[in-house]
$ cat final.cif   # mmCIF, N, CA and C atoms
data_structure
loop_
_atom_site.label_atom_id
_atom_site.label_comp_id
_atom_site.auth_asym_id
_atom_site.auth_seq_id
_atom_site.Cartn_x
_atom_site.Cartn_y
_atom_site.Cartn_z
N MET P 1361 0.84 -1.19 0.00
CA MET P 1361 0.00 0.00 0.00
C MET P 1361 0.88 1.24 0.00
N ALA P 1362 0.60 2.18 -0.88
CA ALA P 1362 1.41 3.38 -1.02
C ALA P 1362 1.14 4.34 0.12
N MET P 1363 2.18 5.04 0.54
CA MET P 1363 2.04 6.05 1.58
C MET P 1363 1.34 7.28 0.99
N VAL P 1364 0.48 7.87 1.76
CA VAL P 1364 -0.22 9.07 1.33
C VAL P 1364 0.52 10.26 1.92
N ASP P 1365 0.72 11.27 1.11
CA ASP P 1365 1.39 12.48 1.56
C ASP P 1365 0.50 13.20 2.57
N GLU P 1366 1.07 13.54 3.72
CA GLU P 1366 0.29 14.19 4.77
C GLU P 1366 -0.27 15.54 4.31
N LYS P 1367 0.46 16.24 3.47
CA LYS P 1367 -0.04 17.52 2.95
C LYS P 1367 -1.32 17.32 2.14
N ASP P 1368 -1.36 16.23 1.38
CA ASP P 1368 -2.57 15.94 0.60
C ASP P 1368 -3.75 15.63 1.50
N ILE P 1369 -3.48 14.95 2.60
CA ILE P 1369 -4.55 14.64 3.55
C ILE P 1369 -5.13 15.92 4.13
N TRP P 1370 -4.26 16.85 4.55
CA TRP P 1370 -4.75 18.10 5.14
C TRP P 1370 -5.45 18.98 4.12
N LYS P 1371 -4.99 18.97 2.87
CA LYS P 1371 -5.66 19.75 1.82
C LYS P 1371 -7.07 19.22 1.59
N ALA P 1372 -7.20 17.90 1.52
CA ALA P 1372 -8.52 17.29 1.31
C ALA P 1372 -9.43 17.58 2.50
N ALA P 1373 -8.90 17.46 3.71
CA ALA P 1373 -9.70 17.74 4.91
C ALA P 1373 -10.10 19.22 4.94
N GLY P 1374 -9.21 20.09 4.50
CA GLY P 1374 -9.51 21.52 4.46
C GLY P 1374 -10.65 21.83 3.50
N LYS P 1375 -10.67 21.16 2.35
CA LYS P 1375 -11.77 21.34 1.40
C LYS P 1375 -13.09 20.88 2.01
N ARG P 1376 -13.04 19.75 2.73
CA ARG P 1376 -14.26 19.26 3.38
C ARG P 1376 -14.69 20.20 4.51
N LEU P 1377 -13.71 20.80 5.20
CA LEU P 1377 -14.04 21.77 6.24
C LEU P 1377 -14.79 22.95 5.63
N ALA P 1378 -14.33 23.43 4.48
CA ALA P 1378 -15.02 24.54 3.81
C ALA P 1378 -16.45 24.14 3.42
N GLU P 1379 -16.61 22.92 2.96
CA GLU P 1379 -17.95 22.43 2.62
C GLU P 1379 -18.83 22.33 3.88
N ALA P 1380 -18.24 21.86 4.98
CA ALA P 1380 -18.98 21.76 6.24
C ALA P 1380 -19.37 23.15 6.74
N ARG P 1381 -18.49 24.13 6.56
CA ARG P 1381 -18.79 25.50 6.95
C ARG P 1381 -20.03 25.99 6.21
N ALA P 1382 -20.06 25.78 4.91
CA ALA P 1382 -21.21 26.20 4.12
C ALA P 1382 -22.47 25.45 4.54
N ARG P 1383 -22.33 24.16 4.77
CA ARG P 1383 -23.49 23.34 5.17
C ARG P 1383 -24.02 23.77 6.53
N ALA P 1384 -23.12 24.29 7.39
CA ALA P 1384 -23.54 24.76 8.71
C ALA P 1384 -24.21 26.13 8.64
N GLY P 1385 -24.26 26.72 7.45
CA GLY P 1385 -24.99 27.97 7.28
C GLY P 1385 -24.14 29.23 7.30
N TYR P 1386 -22.83 29.09 7.27
CA TYR P 1386 -21.95 30.26 7.25
C TYR P 1386 -21.62 30.60 5.80
N ALA P 1387 -22.17 31.70 5.31
CA ALA P 1387 -21.95 32.09 3.93
C ALA P 1387 -20.51 32.53 3.69
N SER P 1388 -19.88 33.05 4.72
CA SER P 1388 -18.51 33.52 4.56
C SER P 1388 -17.60 32.91 5.62
N ARG P 1389 -16.33 32.88 5.28
CA ARG P 1389 -15.33 32.41 6.24
C ARG P 1389 -15.26 33.37 7.42
N LYS P 1390 -15.51 34.65 7.16
CA LYS P 1390 -15.48 35.66 8.24
C LYS P 1390 -16.54 35.35 9.29
N GLN P 1391 -17.76 35.05 8.85
CA GLN P 1391 -18.84 34.69 9.79
C GLN P 1391 -18.45 33.46 10.61
N PHE P 1392 -17.89 32.49 9.92
CA PHE P 1392 -17.47 31.24 10.56
C PHE P 1392 -16.38 31.51 11.60
N ALA P 1393 -15.41 32.34 11.23
CA ALA P 1393 -14.31 32.67 12.15
C ALA P 1393 -14.84 33.39 13.39
N GLU P 1394 -15.76 34.31 13.19
CA GLU P 1394 -16.34 35.04 14.33
C GLU P 1394 -17.10 34.10 15.25
N ALA P 1395 -17.87 33.18 14.67
CA ALA P 1395 -18.66 32.25 15.47
C ALA P 1395 -17.76 31.32 16.28
N PHE P 1396 -16.66 30.88 15.67
CA PHE P 1396 -15.76 29.96 16.36
C PHE P 1396 -14.77 30.70 17.26
N GLY P 1397 -14.53 31.98 16.99
CA GLY P 1397 -13.64 32.77 17.84
C GLY P 1397 -12.18 32.71 17.45
N LYS P 1398 -11.93 32.52 16.17
CA LYS P 1398 -10.55 32.53 15.65
C LYS P 1398 -10.46 33.56 14.53
N PRO P 1399 -9.28 34.09 14.28
CA PRO P 1399 -9.14 35.04 13.17
C PRO P 1399 -9.42 34.37 11.82
N GLU P 1400 -9.98 35.15 10.91
CA GLU P 1400 -10.30 34.61 9.58
C GLU P 1400 -9.09 34.01 8.87
N PRO P 1401 -7.89 34.65 8.93
CA PRO P 1401 -6.73 34.05 8.25
C PRO P 1401 -6.37 32.65 8.80
N THR P 1402 -6.62 32.44 10.08
CA THR P 1402 -6.35 31.12 10.67
C THR P 1402 -7.29 30.08 10.07
N LEU P 1403 -8.58 30.42 9.98
CA LEU P 1403 -9.55 29.50 9.38
C LEU P 1403 -9.23 29.26 7.91
N ALA P 1404 -8.74 30.29 7.23
CA ALA P 1404 -8.36 30.13 5.82
C ALA P 1404 -7.25 29.08 5.69
N LYS P 1405 -6.30 29.12 6.61
CA LYS P 1405 -5.20 28.14 6.57
C LYS P 1405 -5.70 26.73 6.82
N TYR P 1406 -6.69 26.57 7.69
CA TYR P 1406 -7.28 25.24 7.91
C TYR P 1406 -7.94 24.76 6.62
N GLU P 1407 -8.73 25.65 6.00
CA GLU P 1407 -9.46 25.26 4.79
C GLU P 1407 -8.53 25.01 3.60
N GLN P 1408 -7.39 25.65 3.59
CA GLN P 1408 -6.42 25.45 2.50
C GLN P 1408 -5.51 24.26 2.75
N GLY P 1409 -5.58 23.70 3.95
CA GLY P 1409 -4.72 22.57 4.28
C GLY P 1409 -3.32 22.99 4.69
N ALA P 1410 -3.13 24.28 4.92
CA ALA P 1410 -1.81 24.78 5.31
C ALA P 1410 -1.54 24.57 6.80
N ARG P 1411 -2.60 24.38 7.58
CA ARG P 1411 -2.47 24.09 9.01
C ARG P 1411 -3.41 22.95 9.37
N GLU P 1412 -3.01 22.19 10.37
CA GLU P 1412 -3.86 21.10 10.85
C GLU P 1412 -5.11 21.67 11.51
N ILE P 1413 -6.22 21.02 11.27
CA ILE P 1413 -7.49 21.44 11.87
C ILE P 1413 -7.46 21.02 13.33
N PRO P 1414 -7.65 21.96 14.26
CA PRO P 1414 -7.59 21.60 15.68
C PRO P 1414 -8.81 20.78 16.13
N MET P 1415 -8.58 19.92 17.08
CA MET P 1415 -9.65 19.08 17.62
C MET P 1415 -10.80 19.93 18.17
N ALA P 1416 -10.48 21.07 18.78
CA ALA P 1416 -11.52 21.93 19.34
C ALA P 1416 -12.50 22.39 18.26
N LEU P 1417 -12.02 22.68 17.07
CA LEU P 1417 -12.89 23.09 15.98
C LEU P 1417 -13.77 21.94 15.53
N LEU P 1418 -13.19 20.76 15.43
CA LEU P 1418 -13.96 19.58 15.01
C LEU P 1418 -15.07 19.27 16.02
N VAL P 1419 -14.74 19.33 17.30
CA VAL P 1419 -15.75 19.05 18.34
C VAL P 1419 -16.84 20.11 18.30
N TRP P 1420 -16.45 21.36 18.13
CA TRP P 1420 -17.42 22.46 18.06
C TRP P 1420 -18.38 22.26 16.88
N LEU P 1421 -17.83 21.90 15.72
CA LEU P 1421 -18.68 21.65 14.56
C LEU P 1421 -19.65 20.50 14.81
N SER P 1422 -19.18 19.47 15.45
CA SER P 1422 -20.04 18.33 15.74
C SER P 1422 -21.13 18.69 16.74
N ASP P 1423 -20.75 19.35 17.82
CA ASP P 1423 -21.70 19.69 18.87
C ASP P 1423 -22.70 20.77 18.44
N THR P 1424 -22.21 21.75 17.73
CA THR P 1424 -23.04 22.90 17.38
C THR P 1424 -23.83 22.71 16.10
N HIS P 1425 -23.23 22.00 15.14
CA HIS P 1425 -23.84 21.93 13.81
C HIS P 1425 -24.07 20.50 13.31
N ARG P 1426 -23.80 19.52 14.16
CA ARG P 1426 -24.04 18.11 13.84
C ARG P 1426 -23.24 17.64 12.62
N ILE P 1427 -22.06 18.25 12.44
CA ILE P 1427 -21.16 17.85 11.36
C ILE P 1427 -20.45 16.57 11.77
N ASP P 1428 -20.33 15.64 10.85
CA ASP P 1428 -19.64 14.37 11.11
C ASP P 1428 -18.13 14.59 11.02
N VAL P 1429 -17.47 14.54 12.16
CA VAL P 1429 -16.02 14.75 12.24
C VAL P 1429 -15.28 13.72 11.39
N GLY P 1430 -15.75 12.50 11.41
CA GLY P 1430 -15.12 11.45 10.61
C GLY P 1430 -15.15 11.78 9.13
N TRP P 1431 -16.22 12.40 8.68
CA TRP P 1431 -16.32 12.79 7.28
C TRP P 1431 -15.28 13.85 6.94
N ILE P 1432 -15.09 14.83 7.83
CA ILE P 1432 -14.08 15.87 7.57
C ILE P 1432 -12.70 15.23 7.46
N VAL P 1433 -12.40 14.31 8.36
CA VAL P 1433 -11.07 13.70 8.39
C VAL P 1433 -10.85 12.74 7.22
N THR P 1434 -11.84 11.90 6.92
CA THR P 1434 -11.63 10.83 5.94
C THR P 1434 -12.35 11.02 4.62
N GLY P 1435 -13.43 11.79 4.64
CA GLY P 1435 -14.24 11.93 3.44
C GLY P 1435 -15.24 10.80 3.27
N ILE P 1436 -15.29 9.90 4.23
CA ILE P 1436 -16.21 8.76 4.16
C ILE P 1436 -17.49 9.10 4.90
N GLY P 1437 -18.61 8.81 4.29
CA GLY P 1437 -19.90 9.05 4.91
C GLY P 1437 -20.51 10.35 4.43
N ASP P 1438 -21.33 10.94 5.28
CA ASP P 1438 -22.04 12.18 4.95
C ASP P 1438 -21.52 13.33 5.79
N VAL P 1439 -21.73 14.54 5.29
CA VAL P 1439 -21.26 15.73 6.01
C VAL P 1439 -21.96 15.86 7.37
N LEU P 1440 -23.23 15.48 7.44
CA LEU P 1440 -23.94 15.53 8.72
C LEU P 1440 -23.84 14.19 9.43
N ARG P 1441 -23.78 14.25 10.76
CA ARG P 1441 -23.76 13.01 11.53
C ARG P 1441 -25.01 12.20 11.20
N SER P 1442 -24.93 10.90 11.38
CA SER P 1442 -26.06 10.03 11.04
C SER P 1442 -27.31 10.38 11.83
N ASP P 1443 -27.16 10.91 13.04
CA ASP P 1443 -28.33 11.29 13.82
C ASP P 1443 -28.96 12.57 13.30
N ALA P 1444 -28.32 13.22 12.33
CA ALA P 1444 -28.84 14.44 11.76
C ALA P 1444 -29.40 14.22 10.36
N SER P 1445 -29.28 13.02 9.84
CA SER P 1445 -29.63 12.78 8.44
C SER P 1445 -31.13 12.85 8.18
N ASP P 1446 -31.95 12.87 9.21
CA ASP P 1446 -33.38 12.96 8.99
C ASP P 1446 -33.81 14.39 8.67
N LEU P 1447 -32.89 15.35 8.76
CA LEU P 1447 -33.19 16.74 8.45
C LEU P 1447 -32.96 17.02 6.97
N THR P 1448 -33.81 17.86 6.41
CA THR P 1448 -33.55 18.33 5.04
C THR P 1448 -32.42 19.35 5.12
N VAL P 1449 -31.89 19.73 3.98
CA VAL P 1449 -30.84 20.75 3.94
C VAL P 1449 -31.36 22.06 4.52
N GLU P 1450 -32.60 22.40 4.18
CA GLU P 1450 -33.20 23.63 4.68
C GLU P 1450 -33.38 23.59 6.20
N GLU P 1451 -33.83 22.44 6.72
CA GLU P 1451 -34.02 22.30 8.16
C GLU P 1451 -32.68 22.38 8.89
N ALA P 1452 -31.67 21.73 8.36
CA ALA P 1452 -30.34 21.76 8.98
C ALA P 1452 -29.79 23.18 8.98
N SER P 1453 -30.00 23.90 7.89
CA SER P 1453 -29.53 25.28 7.80
C SER P 1453 -30.26 26.17 8.80
N LEU P 1454 -31.58 26.01 8.89
CA LEU P 1454 -32.37 26.79 9.84
C LEU P 1454 -31.95 26.48 11.28
N LEU P 1455 -31.74 25.22 11.58
CA LEU P 1455 -31.31 24.82 12.92
C LEU P 1455 -29.94 25.41 13.24
N SER P 1456 -29.06 25.42 12.27
CA SER P 1456 -27.73 25.99 12.46
C SER P 1456 -27.81 27.48 12.78
N VAL P 1457 -28.63 28.20 12.03
CA VAL P 1457 -28.80 29.64 12.29
C VAL P 1457 -29.42 29.85 13.66
N PHE P 1458 -30.44 29.09 13.98
CA PHE P 1458 -31.12 29.19 15.27
C PHE P 1458 -30.14 28.99 16.42
N ARG P 1459 -29.27 28.00 16.31
CA ARG P 1459 -28.32 27.71 17.39
C ARG P 1459 -27.30 28.81 17.59
N ARG P 1460 -27.08 29.61 16.58
CA ARG P 1460 -26.11 30.70 16.70
C ARG P 1460 -26.72 31.94 17.33
N LEU P 1461 -28.04 31.98 17.43
CA LEU P 1461 -28.71 33.13 18.04
C LEU P 1461 -28.53 33.11 19.56
N PRO P 1462 -28.49 34.30 20.16
CA PRO P 1462 -28.51 34.34 21.63
C PRO P 1462 -29.82 33.75 22.15
N LYS P 1463 -29.82 33.26 23.37
CA LYS P 1463 -30.98 32.57 23.95
C LYS P 1463 -32.25 33.41 23.87
N GLU P 1464 -32.15 34.70 24.17
CA GLU P 1464 -33.35 35.54 24.13
C GLU P 1464 -33.93 35.64 22.72
N ARG P 1465 -33.07 35.63 21.70
CA ARG P 1465 -33.56 35.65 20.32
C ARG P 1465 -34.16 34.30 19.94
N GLN P 1466 -33.57 33.22 20.44
CA GLN P 1466 -34.14 31.89 20.19
C GLN P 1466 -35.56 31.82 20.74
N ASP P 1467 -35.76 32.38 21.93
CA ASP P 1467 -37.10 32.38 22.53
C ASP P 1467 -38.10 33.14 21.66
N ILE P 1468 -37.68 34.27 21.11
CA ILE P 1468 -38.55 35.07 20.25
C ILE P 1468 -38.90 34.29 18.98
N VAL P 1469 -37.91 33.66 18.37
CA VAL P 1469 -38.15 32.87 17.16
C VAL P 1469 -39.12 31.73 17.45
N GLN P 1470 -38.92 31.05 18.58
CA GLN P 1470 -39.80 29.94 18.93
C GLN P 1470 -41.23 30.42 19.16
N GLU P 1471 -41.39 31.52 19.89
CA GLU P 1471 -42.73 32.07 20.13
C GLU P 1471 -43.40 32.44 18.80
N HIS P 1472 -42.65 33.06 17.91
CA HIS P 1472 -43.18 33.46 16.61
C HIS P 1472 -43.62 32.23 15.80
N ALA P 1473 -42.80 31.21 15.79
CA ALA P 1473 -43.13 29.99 15.05
C ALA P 1473 -44.37 29.32 15.62
N GLU P 1474 -44.45 29.23 16.95
CA GLU P 1474 -45.61 28.61 17.57
C GLU P 1474 -46.88 29.43 17.30
N PHE P 1475 -46.76 30.75 17.33
CA PHE P 1475 -47.90 31.62 17.02
C PHE P 1475 -48.39 31.37 15.59
N ASN P 1476 -47.44 31.26 14.65
CA ASN P 1476 -47.80 31.02 13.26
C ASN P 1476 -48.47 29.68 13.06
N LEU P 1477 -48.11 28.70 13.85
CA LEU P 1477 -48.79 27.41 13.77
C LEU P 1477 -50.25 27.54 14.16
N VAL P 1478 -50.52 28.30 15.21
CA VAL P 1478 -51.88 28.49 15.69
C VAL P 1478 -52.68 29.30 14.67
N VAL P 1479 -52.10 30.37 14.17
CA VAL P 1479 -52.78 31.27 13.23
C VAL P 1479 -53.08 30.55 11.91
N SER P 1480 -52.16 29.70 11.46
CA SER P 1480 -52.33 29.06 10.16
C SER P 1480 -53.15 27.78 10.19
N LYS P 1481 -53.63 27.38 11.38
CA LYS P 1481 -54.48 26.20 11.47
C LYS P 1481 -55.82 26.47 10.78
N PRO P 1482 -56.25 25.55 9.95
CA PRO P 1482 -57.56 25.75 9.31
C PRO P 1482 -58.68 25.66 10.36
N ALA P 1483 -59.69 26.44 10.16
CA ALA P 1483 -60.84 26.44 11.08
C ALA P 1483 -61.58 25.10 10.95
N PRO P 1484 -62.10 24.57 12.07
CA PRO P 1484 -62.83 23.28 12.00
C PRO P 1484 -64.14 23.39 11.25
#
$ encode --input "final.cif" --output "structure tokens"
Amino acid sequence: MAMVDEKDIWKAAGKRLAEARARAGYASRKQFAEAFGKPEPTLAKYEQGAREIPMALLVWLSDTHRIDVGWIVTGIGDVLRSDASDLTVEEASLLSVFRRLPKERQDIVQEHAEFNLVVSKPAP
């Protein structure tokens, strides 16, 4: 079995990280960097494969956005963890945005959604 160049492994993982970022609902690397709390150039280096992706980022993606860490590392499986596969792309994106909101904003969104369910119910 041929040895795989470690640089190639990190470049491939970086590309998958960029795809996971988009799937988690971050339109820009800047938004992603702010949410994770790292400078944008640092995240760029992870996505380019120039730096190893830290475990803390992988765990954060898994916990916050249900991204499959194994997929980022190996490319095997799906971008979302198997327990998240029952969500549509739109639902996963909405959930990702919701989770990034402060708690008080989450409460407002939930109240609004519940109100709309009541209002949109057809009359008996």
$ closest_residue --input "final.cif" --among "P:Arg1411, P:Arg1460, P:Arg1441, P:His1472" --to "Lys1371 of chain P" --atoms "all atoms listed in the file"
P:Arg1411
$ select_by_dssp --input "final.cif" --residues "chain P" --states "helix (DSSP H, G or I)" --output "PyMOL selection string"
chain P and resi 1366-1383+1389-1396+1400-1408+1415-1425+1429-1434+1442-1444+1449-1460+1463-1479
$ axis_aligned_box --input "final.cif" --around "segment 1378-1381 of chain P" --padding-each-side "6 Å" --output "JSON"
{"center_x": -17.2, "center_y": 23.9, "center_z": 4.8, "size_x": 17.7, "size_y": 16.2, "size_z": 16.3}
$ atom_distance --input "final.cif" --atom1 "atom CA of Phe1392 of chain P" --atom2 "atom CA of Pro1462 of chain P"
15.9 Å
$ closest_residue --input "final.cif" --among "P:Ile1427, P:Leu1377, P:Glu1366, P:Leu1417" --to "Val1439 of chain P" --atoms "only N, CA and C atoms"
P:Ile1427
$ decode --input "final.cif" --residues "segment 1452-1476 of chain P" --atoms "N, CA and C atoms" --output "tab-separated table (two decimals), in the first residue's frame"
chain	number	residue	atom	x	y	z
P	1452	ALA	N	-31.67	21.73	8.36
P	1452	ALA	CA	-30.34	21.76	8.98
P	1452	ALA	C	-29.79	23.18	8.98
P	1453	SER	N	-30.00	23.90	7.89
P	1453	SER	CA	-29.53	25.28	7.80
P	1453	SER	C	-30.26	26.17	8.80
P	1454	LEU	N	-31.58	26.01	8.89
P	1454	LEU	CA	-32.37	26.79	9.84
P	1454	LEU	C	-31.95	26.48	11.28
P	1455	LEU	N	-31.74	25.22	11.58
P	1455	LEU	CA	-31.31	24.82	12.92
P	1455	LEU	C	-29.94	25.41	13.24
P	1456	SER	N	-29.06	25.42	12.27
P	1456	SER	CA	-27.73	25.99	12.46
P	1456	SER	C	-27.81	27.48	12.78
P	1457	VAL	N	-28.63	28.20	12.03
P	1457	VAL	CA	-28.80	29.64	12.29
P	1457	VAL	C	-29.42	29.85	13.66
P	1458	PHE	N	-30.44	29.09	13.98
P	1458	PHE	CA	-31.12	29.19	15.27
P	1458	PHE	C	-30.14	28.99	16.42
P	1459	ARG	N	-29.27	28.00	16.31
P	1459	ARG	CA	-28.32	27.71	17.39
P	1459	ARG	C	-27.30	28.81	17.59
P	1460	ARG	N	-27.08	29.61	16.58
P	1460	ARG	CA	-26.11	30.70	16.70
P	1460	ARG	C	-26.72	31.94	17.33
P	1461	LEU	N	-28.04	31.98	17.43
P	1461	LEU	CA	-28.71	33.13	18.04
P	1461	LEU	C	-28.53	33.11	19.56
P	1462	PRO	N	-28.49	34.30	20.16
P	1462	PRO	CA	-28.51	34.34	21.63
P	1462	PRO	C	-29.82	33.75	22.15
P	1463	LYS	N	-29.82	33.26	23.37
P	1463	LYS	CA	-30.98	32.57	23.95
P	1463	LYS	C	-32.25	33.41	23.87
P	1464	GLU	N	-32.15	34.70	24.17
P	1464	GLU	CA	-33.35	35.54	24.13
P	1464	GLU	C	-33.93	35.64	22.72
P	1465	ARG	N	-33.07	35.63	21.70
P	1465	ARG	CA	-33.56	35.65	20.32
P	1465	ARG	C	-34.16	34.30	19.94
P	1466	GLN	N	-33.57	33.22	20.44
P	1466	GLN	CA	-34.14	31.89	20.19
P	1466	GLN	C	-35.56	31.82	20.74
P	1467	ASP	N	-35.76	32.38	21.93
P	1467	ASP	CA	-37.10	32.38	22.53
P	1467	ASP	C	-38.10	33.14	21.66
P	1468	ILE	N	-37.68	34.27	21.11
P	1468	ILE	CA	-38.55	35.07	20.25
P	1468	ILE	C	-38.90	34.29	18.98
P	1469	VAL	N	-37.91	33.66	18.37
P	1469	VAL	CA	-38.15	32.87	17.16
P	1469	VAL	C	-39.12	31.73	17.45
P	1470	GLN	N	-38.92	31.05	18.58
P	1470	GLN	CA	-39.80	29.94	18.93
P	1470	GLN	C	-41.23	30.42	19.16
P	1471	GLU	N	-41.39	31.52	19.89
P	1471	GLU	CA	-42.73	32.07	20.13
P	1471	GLU	C	-43.40	32.44	18.80
P	1472	HIS	N	-42.65	33.06	17.91
P	1472	HIS	CA	-43.18	33.46	16.61
P	1472	HIS	C	-43.62	32.23	15.80
P	1473	ALA	N	-42.80	31.21	15.79
P	1473	ALA	CA	-43.13	29.99	15.05
P	1473	ALA	C	-44.37	29.32	15.62
P	1474	GLU	N	-44.45	29.23	16.95
P	1474	GLU	CA	-45.61	28.61	17.57
P	1474	GLU	C	-46.88	29.43	17.30
P	1475	PHE	N	-46.76	30.75	17.33
P	1475	PHE	CA	-47.90	31.62	17.02
P	1475	PHE	C	-48.39	31.37	15.59
P	1476	ASN	N	-47.44	31.26	14.65
P	1476	ASN	CA	-47.80	31.02	13.26
P	1476	ASN	C	-48.47	29.68	13.06
